[in-house]
Amino acid sequence: MHVRYVACAALAGWLCTASALVVHAQERPSAALLATSVAGGFGPGAPEAFDRVLRSELGALDRVRVHGSVALELDDVQLALGCEGETQACLGAVAREIGVRFLLLPNLDRIGSEAVLSVALFDADADGAPRRVARRASGPDAEGALVSEVRGLLEELFGVTAAPTEEPPDPVEEPSVTAGLELPPPSTGGPDEARLATAGVVLFVGVAGLALGVGFGVSTLDRQAAYERAPTDTVDEAEEAGRRLRQANEDAITANVLFVAGGVATGAGLVWLIAEVVAAPSGEAPEVSVTPLASPTLAGVSVSGRWP
């Protein structure tokens, strides 16, 4: 009983498959592959060889249902119908006589040193001339090269050639946030270390001069105070008081000189140092000028120019 169920199931599956194949075969349009015509320059078995290859590749292509198993000669059919040539009227009559929609008309020819295989496809339902596609080959094995081209020729003829692979689009560059903006070049300059060191030395000397001036000023005040307190009753006491007064005057002159020189050096060093720190980029000289000023009643510096 179990074996019967298996056999029935297998028979049902086979019938479904056969029905599907029949339906698929009926969906494909009918076509007739006519015998390959040869213009000359080929071996005696060349037409039959190309007939077999064409029929095999048509079956593998699975786009039409080839009518009959023997290729018909186009000249014989046209002779029977009383027409000639590959005109639309004559080929339409041939298609109706055979009972197919498509006619495939292969042809082998020699053009110079090249062997040419061409196949024309005539559609009886279309209002137009047959469409022909050809392949060329040269050399001692031209026929073998043409055989290998049959599949591609039929695919092109029926419009089933593989679509060319689309190349990926070029990456789109994201616009930069700085696009269209003119940015200033990076600063490659800055304060010169040698000039900075020199400005520091000048500033240090000026401060030291001011400090010495302060020291001599204090000494002047002390000597003047000692002179004022010194007794002058005797000649020796008077001479000692005069010596202290002369020392006080000398210290006062030294203090004034140190104050002037120290002030000038301090001001020059300070302004020079500031000018170097704020110097223009690319090593350009700062647009600031420093001029020391000194007179019996004035000591200082003059600064002029434009600060960055």
# chains A, B, ... in the order shown; residues from 1 in each chain; ligands from 1
>>> residues_around(residues="Leu221 of chain A", least_positions_apart="2", cutoff="12 Å", atoms="only C-alpha atoms", output="NGL selection string")
:A and (214-219 or 223-228 or 244-245 or 247-252 or 255)
>>> residues_around(residues="Arg52 of chain A", least_positions_apart="3", cutoff="12 Å", atoms="only C-alpha atoms", output="number ranges by chain")
A: 33-36, 45-49, 55-59, 69-71, 106, 147, 150
>>> residues_around(residues="Val94 of chain A", least_positions_apart="5", cutoff="8 Å", atoms="only C-alpha atoms", output="PyMOL selection string")
chain A and resi 77-78+81
>>> atom_distance(atom1="atom CA of Glu86 of chain A", atom2="atom CA of Gly68 of chain A")
21.3 Å
>>> atom_distance(atom1="atom CA of Ala120 of chain A", atom2="atom CA of Gly144 of chain A")
20.6 Å
>>> select_by_dssp(residues="segment 35-223 of chain A", states="alpha helix (DSSP H)", output="PyMOL selection string")
chain A and resi 46-61+74-81+88-98+142-148+150-157+193-223
